[in-house]
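Asker: Structure: query.cif, mmCIF, N, CA and C atoms.
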```cif
data_input
loop_
_atom_site.label_atom_id
_atom_site.label_comp_id
_atom_site.auth_asym_id
_atom_site.auth_seq_id
_atom_site.Cartn_x
_atom_site.Cartn_y
_atom_site.Cartn_z
N MET Z 88 60.20 9.09 -56.06
CA MET Z 88 60.01 8.69 -54.71
C MET Z 88 58.54 8.58 -54.38
N VAL Z 89 58.30 7.48 -53.88
CA VAL Z 89 56.92 7.23 -53.52
C VAL Z 89 56.80 7.35 -52.00
N LYS Z 90 55.88 8.19 -51.67
CA LYS Z 90 55.65 8.33 -50.23
C LYS Z 90 54.68 7.24 -49.79
N THR Z 91 55.05 6.61 -48.76
CA THR Z 91 54.14 5.61 -48.21
C THR Z 91 53.30 6.26 -47.11
N LEU Z 92 52.07 6.05 -47.25
CA LEU Z 92 51.16 6.60 -46.25
C LEU Z 92 50.99 5.58 -45.15
N ARG Z 93 51.23 6.07 -44.01
CA ARG Z 93 51.00 5.19 -42.86
C ARG Z 93 49.57 5.39 -42.38
N LYS Z 94 48.93 4.32 -42.22
CA LYS Z 94 47.58 4.36 -41.70
C LYS Z 94 47.67 4.21 -40.19
N THR Z 95 47.15 5.18 -39.52
CA THR Z 95 47.19 5.07 -38.07
C THR Z 95 45.85 4.54 -37.59
N ASN Z 96 45.89 3.39 -37.01
CA ASN Z 96 44.70 2.78 -36.45
C ASN Z 96 44.66 3.07 -34.96
N LYS Z 97 44.11 4.18 -34.65
CA LYS Z 97 43.98 4.54 -33.25
C LYS Z 97 42.62 4.06 -32.78
N LYS Z 98 42.61 3.06 -31.98
CA LYS Z 98 41.36 2.53 -31.45
C LYS Z 98 41.39 2.64 -29.94
N GLY Z 99 40.19 2.89 -29.36
CA GLY Z 99 40.11 2.94 -27.91
C GLY Z 99 40.15 4.36 -27.39
N PHE Z 100 40.11 4.45 -26.06
CA PHE Z 100 40.09 5.74 -25.38
C PHE Z 100 41.39 5.95 -24.63
N THR Z 101 41.72 7.19 -24.46
CA THR Z 101 42.91 7.48 -23.67
C THR Z 101 42.55 7.40 -22.19
N LEU Z 102 43.56 7.32 -21.37
CA LEU Z 102 43.36 7.22 -19.93
C LEU Z 102 42.65 8.47 -19.40
N VAL Z 103 42.98 9.63 -19.93
CA VAL Z 103 42.36 10.88 -19.49
C VAL Z 103 40.86 10.87 -19.81
N GLU Z 104 40.50 10.39 -20.98
CA GLU Z 104 39.08 10.32 -21.35
C GLU Z 104 38.31 9.38 -20.41
N LEU Z 105 38.90 8.26 -20.09
CA LEU Z 105 38.25 7.31 -19.18
C LEU Z 105 38.09 7.90 -17.78
N VAL Z 106 39.08 8.59 -17.29
CA VAL Z 106 39.00 9.20 -15.96
C VAL Z 106 37.91 10.27 -15.92
N ILE Z 107 37.80 11.05 -16.97
CA ILE Z 107 36.77 12.09 -17.03
C ILE Z 107 35.37 11.46 -17.02
N VAL Z 108 35.16 10.42 -17.79
CA VAL Z 108 33.85 9.75 -17.83
C VAL Z 108 33.52 9.14 -16.47
N ILE Z 109 34.48 8.51 -15.83
CA ILE Z 109 34.25 7.92 -14.52
C ILE Z 109 33.93 9.01 -13.49
N ALA Z 110 34.61 10.13 -13.56
CA ALA Z 110 34.35 11.24 -12.63
C ALA Z 110 32.93 11.78 -12.82
N ILE Z 111 32.50 11.92 -14.06
CA ILE Z 111 31.14 12.41 -14.34
C ILE Z 111 30.11 11.42 -13.81
N LEU Z 112 30.33 10.13 -14.03
CA LEU Z 112 29.40 9.11 -13.52
C LEU Z 112 29.35 9.12 -12.00
N ALA Z 113 30.49 9.32 -11.34
CA ALA Z 113 30.51 9.38 -9.88
C ALA Z 113 29.72 10.58 -9.36
N ILE Z 114 29.85 11.71 -10.03
CA ILE Z 114 29.10 12.90 -9.62
C ILE Z 114 27.60 12.66 -9.79
N LEU Z 115 27.20 12.09 -10.91
CA LEU Z 115 25.78 11.80 -11.14
C LEU Z 115 25.24 10.81 -10.11
N ALA Z 116 26.03 9.80 -9.77
CA ALA Z 116 25.59 8.83 -8.76
C ALA Z 116 25.46 9.49 -7.39
N ALA Z 117 26.39 10.38 -7.07
CA ALA Z 117 26.33 11.08 -5.78
C ALA Z 117 25.09 11.95 -5.67
N ILE Z 118 24.59 12.44 -6.78
CA ILE Z 118 23.37 13.23 -6.78
C ILE Z 118 22.14 12.34 -6.77
N ALA Z 119 22.16 11.27 -7.54
CA ALA Z 119 20.97 10.43 -7.74
C ALA Z 119 20.64 9.53 -6.56
N ILE Z 120 21.63 8.95 -5.91
CA ILE Z 120 21.37 7.97 -4.85
C ILE Z 120 20.60 8.57 -3.68
N PRO Z 121 20.98 9.72 -3.13
CA PRO Z 121 20.18 10.29 -2.03
C PRO Z 121 18.76 10.67 -2.48
N THR Z 122 18.63 11.13 -3.71
CA THR Z 122 17.31 11.51 -4.22
C THR Z 122 16.40 10.30 -4.31
N VAL Z 123 16.90 9.20 -4.85
CA VAL Z 123 16.11 7.98 -4.96
C VAL Z 123 15.77 7.45 -3.58
N SER Z 124 16.70 7.50 -2.67
CA SER Z 124 16.46 7.04 -1.30
C SER Z 124 15.36 7.87 -0.64
N ASN Z 125 15.39 9.16 -0.83
CA ASN Z 125 14.38 10.05 -0.28
C ASN Z 125 13.01 9.77 -0.89
N VAL Z 126 12.96 9.50 -2.18
CA VAL Z 126 11.70 9.20 -2.85
C VAL Z 126 11.11 7.90 -2.30
N ILE Z 127 11.95 6.91 -2.05
CA ILE Z 127 11.47 5.64 -1.51
C ILE Z 127 10.91 5.82 -0.11
N SER Z 128 11.60 6.56 0.75
CA SER Z 128 11.10 6.75 2.11
C SER Z 128 9.80 7.57 2.12
N THR Z 129 9.70 8.56 1.24
CA THR Z 129 8.46 9.33 1.13
C THR Z 129 7.32 8.45 0.65
N ALA Z 130 7.60 7.58 -0.30
CA ALA Z 130 6.57 6.66 -0.80
C ALA Z 130 6.10 5.73 0.31
N ASN Z 131 7.03 5.21 1.11
CA ASN Z 131 6.66 4.34 2.22
C ASN Z 131 5.79 5.07 3.24
N GLU Z 132 6.13 6.32 3.54
CA GLU Z 132 5.32 7.11 4.47
C GLU Z 132 3.91 7.31 3.92
N ASN Z 133 3.81 7.58 2.63
CA ASN Z 133 2.50 7.79 2.01
C ASN Z 133 1.67 6.51 2.01
N VAL Z 134 2.32 5.37 1.80
CA VAL Z 134 1.62 4.08 1.87
C VAL Z 134 1.09 3.85 3.28
N ASP Z 135 1.91 4.14 4.28
CA ASP Z 135 1.48 3.98 5.68
C ASP Z 135 0.29 4.89 6.00
N LYS Z 136 0.34 6.14 5.54
CA LYS Z 136 -0.78 7.06 5.79
C LYS Z 136 -2.05 6.55 5.12
N ALA Z 137 -1.93 6.09 3.89
CA ALA Z 137 -3.10 5.58 3.17
C ALA Z 137 -3.66 4.34 3.87
N ASN Z 138 -2.78 3.45 4.33
CA ASN Z 138 -3.24 2.26 5.05
C ASN Z 138 -3.94 2.64 6.35
N ALA Z 139 -3.42 3.63 7.06
CA ALA Z 139 -4.06 4.07 8.31
C ALA Z 139 -5.44 4.64 8.03
N GLN Z 140 -5.58 5.41 6.96
CA GLN Z 140 -6.89 5.95 6.60
C GLN Z 140 -7.85 4.83 6.21
N THR Z 141 -7.36 3.83 5.49
CA THR Z 141 -8.19 2.70 5.10
C THR Z 141 -8.69 1.95 6.32
N VAL Z 142 -7.78 1.71 7.27
CA VAL Z 142 -8.17 1.02 8.50
C VAL Z 142 -9.20 1.85 9.26
N GLU Z 143 -8.97 3.15 9.37
CA GLU Z 143 -9.91 4.02 10.09
C GLU Z 143 -11.29 3.98 9.44
N LEU Z 144 -11.35 4.10 8.11
CA LEU Z 144 -12.64 4.07 7.42
C LEU Z 144 -13.32 2.72 7.57
N ALA Z 145 -12.54 1.65 7.51
CA ALA Z 145 -13.12 0.31 7.68
C ALA Z 145 -13.71 0.14 9.07
N LEU Z 146 -13.00 0.60 10.09
CA LEU Z 146 -13.50 0.50 11.46
C LEU Z 146 -14.77 1.32 11.65
N LYS Z 147 -14.76 2.54 11.15
CA LYS Z 147 -15.93 3.40 11.30
C LYS Z 147 -17.14 2.84 10.53
N SER Z 148 -16.88 2.32 9.34
CA SER Z 148 -17.96 1.76 8.54
C SER Z 148 -18.58 0.53 9.20
N ALA Z 149 -17.73 -0.39 9.64
CA ALA Z 149 -18.22 -1.61 10.29
C ALA Z 149 -18.96 -1.27 11.58
N HIS Z 150 -18.42 -0.34 12.35
CA HIS Z 150 -19.07 0.06 13.61
C HIS Z 150 -20.44 0.69 13.32
N ALA Z 151 -20.51 1.52 12.29
CA ALA Z 151 -21.78 2.16 11.93
C ALA Z 151 -22.81 1.11 11.48
N GLU Z 152 -22.36 0.14 10.69
CA GLU Z 152 -23.27 -0.93 10.25
C GLU Z 152 -23.76 -1.76 11.43
N ALA Z 153 -22.85 -2.07 12.36
CA ALA Z 153 -23.24 -2.87 13.53
C ALA Z 153 -24.20 -2.07 14.41
N THR Z 154 -23.96 -0.79 14.54
CA THR Z 154 -24.82 0.06 15.36
C THR Z 154 -26.21 0.22 14.73
N ALA Z 155 -26.24 0.41 13.42
CA ALA Z 155 -27.50 0.64 12.73
C ALA Z 155 -28.30 -0.64 12.52
N GLY Z 156 -27.63 -1.78 12.68
CA GLY Z 156 -28.32 -3.05 12.48
C GLY Z 156 -28.38 -3.50 11.03
N THR Z 157 -27.63 -2.87 10.16
CA THR Z 157 -27.64 -3.26 8.74
C THR Z 157 -26.68 -4.40 8.45
N TRP Z 158 -25.86 -4.76 9.40
CA TRP Z 158 -24.92 -5.87 9.26
C TRP Z 158 -25.59 -7.08 9.90
N LYS Z 159 -26.06 -7.99 9.06
CA LYS Z 159 -26.78 -9.18 9.56
C LYS Z 159 -25.81 -10.09 10.29
N GLY Z 160 -26.20 -10.50 11.49
CA GLY Z 160 -25.37 -11.40 12.29
C GLY Z 160 -24.17 -10.72 12.93
N ALA Z 161 -24.21 -9.41 12.98
CA ALA Z 161 -23.08 -8.67 13.55
C ALA Z 161 -23.05 -8.84 15.06
N PRO Z 162 -21.86 -8.83 15.63
CA PRO Z 162 -21.78 -8.80 17.09
C PRO Z 162 -22.29 -7.45 17.59
N ASP Z 163 -22.49 -7.37 18.87
CA ASP Z 163 -22.90 -6.11 19.48
C ASP Z 163 -21.88 -5.03 19.10
N ALA Z 164 -22.36 -3.85 18.73
CA ALA Z 164 -21.47 -2.78 18.27
C ALA Z 164 -20.41 -2.44 19.31
N ASP Z 165 -20.76 -2.52 20.60
CA ASP Z 165 -19.79 -2.19 21.64
C ASP Z 165 -18.74 -3.29 21.83
N ALA Z 166 -19.06 -4.53 21.40
CA ALA Z 166 -18.13 -5.64 21.56
C ALA Z 166 -17.39 -5.97 20.26
N LEU Z 167 -17.67 -5.26 19.20
CA LEU Z 167 -17.06 -5.51 17.90
C LEU Z 167 -15.55 -5.29 17.98
N THR Z 168 -14.77 -6.32 17.63
CA THR Z 168 -13.32 -6.17 17.69
C THR Z 168 -12.79 -5.60 16.37
N VAL Z 169 -11.57 -5.09 16.43
CA VAL Z 169 -10.93 -4.54 15.24
C VAL Z 169 -10.83 -5.63 14.17
N GLN Z 170 -10.48 -6.84 14.56
CA GLN Z 170 -10.35 -7.93 13.60
C GLN Z 170 -11.69 -8.23 12.92
N GLU Z 171 -12.76 -8.29 13.70
CA GLU Z 171 -14.08 -8.56 13.13
C GLU Z 171 -14.49 -7.45 12.15
N ALA Z 172 -14.20 -6.22 12.52
CA ALA Z 172 -14.54 -5.09 11.65
C ALA Z 172 -13.75 -5.15 10.34
N LEU Z 173 -12.46 -5.43 10.45
CA LEU Z 173 -11.64 -5.51 9.24
C LEU Z 173 -12.08 -6.68 8.36
N ASP Z 174 -12.35 -7.83 8.99
CA ASP Z 174 -12.83 -8.98 8.22
C ASP Z 174 -14.11 -8.64 7.48
N HIS Z 175 -15.02 -7.97 8.15
CA HIS Z 175 -16.29 -7.59 7.53
C HIS Z 175 -16.07 -6.67 6.33
N GLU Z 176 -15.07 -5.83 6.41
CA GLU Z 176 -14.79 -4.89 5.33
C GLU Z 176 -13.85 -5.48 4.27
N GLY Z 177 -13.52 -6.77 4.39
CA GLY Z 177 -12.70 -7.44 3.38
C GLY Z 177 -11.21 -7.26 3.54
N ILE Z 178 -10.78 -6.87 4.73
CA ILE Z 178 -9.35 -6.71 5.01
C ILE Z 178 -8.95 -7.85 5.93
N SER Z 179 -8.11 -8.76 5.46
CA SER Z 179 -7.82 -9.97 6.22
C SER Z 179 -6.97 -9.71 7.46
N GLU Z 180 -6.11 -8.71 7.41
CA GLU Z 180 -5.29 -8.36 8.59
C GLU Z 180 -4.83 -6.92 8.44
N LEU Z 181 -4.30 -6.40 9.53
CA LEU Z 181 -3.77 -5.04 9.47
C LEU Z 181 -2.65 -4.97 8.45
N PRO Z 182 -2.66 -3.97 7.58
CA PRO Z 182 -1.55 -3.84 6.63
C PRO Z 182 -0.23 -3.63 7.37
N GLN Z 183 0.82 -4.23 6.86
CA GLN Z 183 2.13 -4.07 7.46
C GLN Z 183 2.61 -2.64 7.29
N ILE Z 184 3.25 -2.12 8.31
CA ILE Z 184 3.78 -0.76 8.26
C ILE Z 184 5.14 -0.81 7.56
N LYS Z 185 5.28 0.02 6.54
CA LYS Z 185 6.52 0.03 5.75
C LYS Z 185 7.68 0.65 6.51
N GLY Z 186 7.42 1.72 7.22
CA GLY Z 186 8.48 2.38 7.98
C GLY Z 186 8.46 1.92 9.41
N ASP Z 187 9.03 2.72 10.29
CA ASP Z 187 9.01 2.44 11.72
C ASP Z 187 7.70 2.95 12.30
N GLY Z 188 7.29 2.35 13.41
CA GLY Z 188 6.12 2.84 14.10
C GLY Z 188 5.04 1.79 14.23
N SER Z 189 3.92 2.21 14.75
CA SER Z 189 2.78 1.31 14.93
C SER Z 189 1.50 2.10 14.75
N TYR Z 190 0.40 1.38 14.58
CA TYR Z 190 -0.89 2.05 14.47
C TYR Z 190 -1.23 2.68 15.81
N ARG Z 191 -1.71 3.91 15.78
CA ARG Z 191 -2.08 4.63 16.99
C ARG Z 191 -3.49 5.16 16.82
N ALA Z 192 -4.21 5.17 17.91
CA ALA Z 192 -5.53 5.78 17.93
C ALA Z 192 -5.48 6.99 18.85
N ILE Z 193 -5.74 8.15 18.29
CA ILE Z 193 -5.77 9.38 19.08
C ILE Z 193 -7.05 10.13 18.70
N ASN Z 194 -7.89 10.32 19.68
CA ASN Z 194 -9.14 11.06 19.46
C ASN Z 194 -9.95 10.51 18.29
N GLY Z 195 -10.02 9.19 18.20
CA GLY Z 195 -10.83 8.55 17.17
C GLY Z 195 -10.20 8.49 15.80
N LYS Z 196 -8.98 8.96 15.66
CA LYS Z 196 -8.27 8.92 14.39
C LYS Z 196 -7.17 7.88 14.45
N ILE Z 197 -6.97 7.19 13.36
CA ILE Z 197 -5.92 6.18 13.27
C ILE Z 197 -4.75 6.81 12.51
N SER Z 198 -3.56 6.63 13.03
CA SER Z 198 -2.37 7.13 12.37
C SER Z 198 -1.22 6.18 12.62
N ILE Z 199 -0.12 6.45 11.98
CA ILE Z 199 1.11 5.70 12.22
C ILE Z 199 2.03 6.62 12.99
N SER Z 200 2.55 6.14 14.10
CA SER Z 200 3.41 6.99 14.91
C SER Z 200 4.65 6.22 15.32
N LYS Z 201 5.76 6.93 15.36
CA LYS Z 201 7.02 6.35 15.82
C LYS Z 201 7.22 6.56 17.30
N SER Z 202 6.47 7.47 17.87
CA SER Z 202 6.65 7.83 19.27
C SER Z 202 5.79 6.96 20.18
N ASP Z 203 6.29 6.68 21.37
CA ASP Z 203 5.51 5.95 22.35
C ASP Z 203 4.69 6.90 23.22
N ASN Z 204 4.76 8.17 22.94
CA ASN Z 204 4.12 9.15 23.82
C ASN Z 204 2.77 9.65 23.32
N ASP Z 205 2.30 9.15 22.21
CA ASP Z 205 1.02 9.65 21.73
C ASP Z 205 0.09 8.51 21.35
N GLY Z 206 -1.06 8.52 21.96
CA GLY Z 206 -2.12 7.58 21.61
C GLY Z 206 -1.90 6.19 22.15
N LYS Z 207 -2.84 5.34 21.83
CA LYS Z 207 -2.80 3.93 22.23
C LYS Z 207 -2.50 3.10 21.00
N THR Z 208 -1.66 2.10 21.17
CA THR Z 208 -1.23 1.31 20.02
C THR Z 208 -2.10 0.07 19.85
N PHE Z 209 -2.21 -0.35 18.62
CA PHE Z 209 -2.73 -1.68 18.34
C PHE Z 209 -2.00 -2.19 17.11
N ASP Z 210 -1.78 -3.48 17.07
CA ASP Z 210 -1.03 -4.07 15.97
C ASP Z 210 -1.52 -5.49 15.75
N ASN Z 211 -0.79 -6.25 14.96
CA ASN Z 211 -1.21 -7.61 14.63
C ASN Z 211 -1.21 -8.53 15.85
N ASP Z 212 -0.58 -8.12 16.95
CA ASP Z 212 -0.56 -8.96 18.14
C ASP Z 212 -1.82 -8.82 18.99
N ASN Z 213 -2.51 -7.66 18.92
CA ASN Z 213 -3.65 -7.49 19.80
C ASN Z 213 -4.92 -6.99 19.12
N TYR Z 214 -4.93 -6.87 17.80
CA TYR Z 214 -6.11 -6.30 17.17
C TYR Z 214 -7.31 -7.24 17.18
N ASP Z 215 -7.11 -8.50 17.54
CA ASP Z 215 -8.25 -9.41 17.64
C ASP Z 215 -8.97 -9.28 18.98
N THR Z 216 -8.39 -8.55 19.93
CA THR Z 216 -9.03 -8.39 21.23
C THR Z 216 -9.44 -6.95 21.51
N VAL Z 217 -8.92 -6.00 20.77
CA VAL Z 217 -9.25 -4.59 20.98
C VAL Z 217 -10.59 -4.31 20.31
N THR Z 218 -11.48 -3.63 21.01
CA THR Z 218 -12.77 -3.31 20.42
C THR Z 218 -12.69 -2.02 19.61
N VAL Z 219 -13.53 -1.96 18.58
CA VAL Z 219 -13.58 -0.78 17.74
C VAL Z 219 -14.02 0.43 18.56
N LYS Z 220 -14.95 0.22 19.45
CA LYS Z 220 -15.44 1.31 20.30
C LYS Z 220 -14.29 1.91 21.12
N THR Z 221 -13.43 1.05 21.65
CA THR Z 221 -12.29 1.54 22.42
C THR Z 221 -11.36 2.38 21.54
N VAL Z 222 -11.15 1.95 20.32
CA VAL Z 222 -10.27 2.68 19.41
C VAL Z 222 -10.89 4.00 19.02
N LEU Z 223 -12.15 3.97 18.60
CA LEU Z 223 -12.79 5.19 18.11
C LEU Z 223 -13.10 6.20 19.21
N ASP Z 224 -13.32 5.71 20.42
CA ASP Z 224 -13.63 6.61 21.53
C ASP Z 224 -12.40 7.05 22.30
N ASN Z 225 -11.22 6.61 21.90
CA ASN Z 225 -10.01 6.93 22.65
C ASN Z 225 -9.75 8.43 22.64
N LYS Z 226 -9.81 9.02 23.81
CA LYS Z 226 -9.52 10.45 23.96
C LYS Z 226 -8.18 10.67 24.64
N SER Z 227 -7.56 9.57 25.03
CA SER Z 227 -6.31 9.67 25.76
C SER Z 227 -5.16 10.00 24.83
N LYS Z 228 -4.24 10.78 25.31
CA LYS Z 228 -3.01 11.03 24.58
C LYS Z 228 -1.83 10.40 25.29
N GLY Z 229 -2.13 9.55 26.26
CA GLY Z 229 -1.05 8.91 27.01
C GLY Z 229 -0.52 7.70 26.27
N PRO Z 230 0.68 7.26 26.60
CA PRO Z 230 1.27 6.13 25.93
C PRO Z 230 0.65 4.81 26.37
N GLY Z 231 0.87 3.79 25.58
CA GLY Z 231 0.49 2.45 26.00
C GLY Z 231 -0.34 1.72 24.97
N SER Z 232 -0.75 0.53 25.37
CA SER Z 232 -1.56 -0.32 24.52
C SER Z 232 -2.95 -0.40 25.08
N PHE Z 233 -3.89 -0.82 24.25
CA PHE Z 233 -5.24 -1.04 24.73
C PHE Z 233 -5.25 -2.29 25.56
N SER Z 234 -6.09 -2.31 26.58
CA SER Z 234 -6.18 -3.50 27.41
C SER Z 234 -7.39 -4.31 27.00
#
```
Starting from the file, lay out its structure as structure tokens.
Answerer:
Amino acid sequence: MVKTLRKTNKKGFTLVELVIVIAILAILAAIAIPTVSNVISTANENVDKANAQTVELALKSAHAEATAGTWKGAPDADALTVQEALDHEGISELPQIKGDGSYRAINGKISISKSDNDGKTFDNDNYDTVTVKTVLDNKSKGPGSFS
């Protein structure tokens, strides 16, 4: 008697194995998605802070050059607009804010704020008329825009 050997060709995965893999992937996704979302929002906030600091330094630098007379053909330091100062420093326009909020000037510092209750705002709609002196000398903490 010759025994015949049956070759079992078991290919593929069982339903239980597939369900386990899908469950593990779902758990990993549930952990990863909020983390990635949080990293993106933190990165956007950091970009906004860096842009605000860049704008502040550009305004202070241009105002100092206009005041000292080292900027040839500069407008009067008191009449220097935010747009003129940024143009002089090689910034063609205010950087776009990644998150919510607007540029605010509080006590001579530029920041990004979501609240309407702190500082005076300036943005791409009015930065060509707002003077640097007004922004840097702003001591008000009241809401509103520069006139």
Asker: In Å to one decimal, how far is CA of Gly195 (chain Z) from CA of Lys136 (chain Z)?
Answerer: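 Distance reported for this atom pair: 15.3 Å.
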Asker: So what do you get for CA of Lys159 (chain Z) versus CA of Asp224 (chain Z), distance-wise?
Answerer: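 Result for CA of Lys159 (chain Z) versus CA of Asp224 (chain Z): 23.8 Å, one decimal.
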Asker: One decimal, Å: what's the distance from atom C of Asn194 (chain Z) over to CA of Trp158 (chain Z), could you say?
Answerer: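 We find that atom C of Asn194 (chain Z) and CA of Trp158 (chain Z) lie 24.0 Å from each other.
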Asker: Starting from the displayed file, determine the output of the PyMOL selection byres (((chain Z and resi 163-172 and name CA) around 10) and name CA) and express the residue list as a ChimeraX atom specification.
Answerer: /Z:142,145-156,160-162,173-181,209-211,213-222
Asker: Write out as a list in words all residues of chain Z that backbone DSSP assigns to strand (DSSP E or B).
Answerer: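 Here is the list: Thr168, Ser189, Tyr190, Arg191, Ala192, Ile193, Lys196, Ile197, Ser198, Ile199, Ser200, Lys207, Thr208, Phe209, Thr218 and Ser232 of chain Z.
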Asker: Compare Z:Thr141, Z:Leu223, Z:Gly188, Z:Ile118 by their minimum atom-to-atom distance to Ser200 (chain Z), counting all atoms listed in the file, and give me the closest one.
Answerer: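 Distance minimum relative to Ser200 (chain Z) lands on Z:Gly188.
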Asker: To test your reading of the structure, identify every residue in chain Z that backbone DSSP assigns to helix (DSSP H, G or I), and report it as a PyMOL selection string.
Answerer: chain Z and resi 102-155+169-175+219-223
Asker: The residues within 7 Å of (-6.2, 3.6, 12.2), using all atoms listed in the file and the coordinates of the file, should be reported as a list of chain:residue names; which are they?
Answerer: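 Here the neighbourhood of the point contains Z:Asn138, Z:Ala139, Z:Gln140, Z:Thr141, Z:Val142, Z:Glu143, Z:Leu144, Z:Tyr190, Z:Arg191, Z:Ala192, Z:Lys196, Z:Ile197, Z:Ser198, Z:Ile199.
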Asker: Hey, which of Z:Ile193, Z:Ala119, Z:Gly186, Z:Ile109 ends up closest to Glu132 (chain Z)? Count all atoms listed in the file.
Answerer: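 Selected residue with least distance to Glu132 (chain Z): Z:Gly186.
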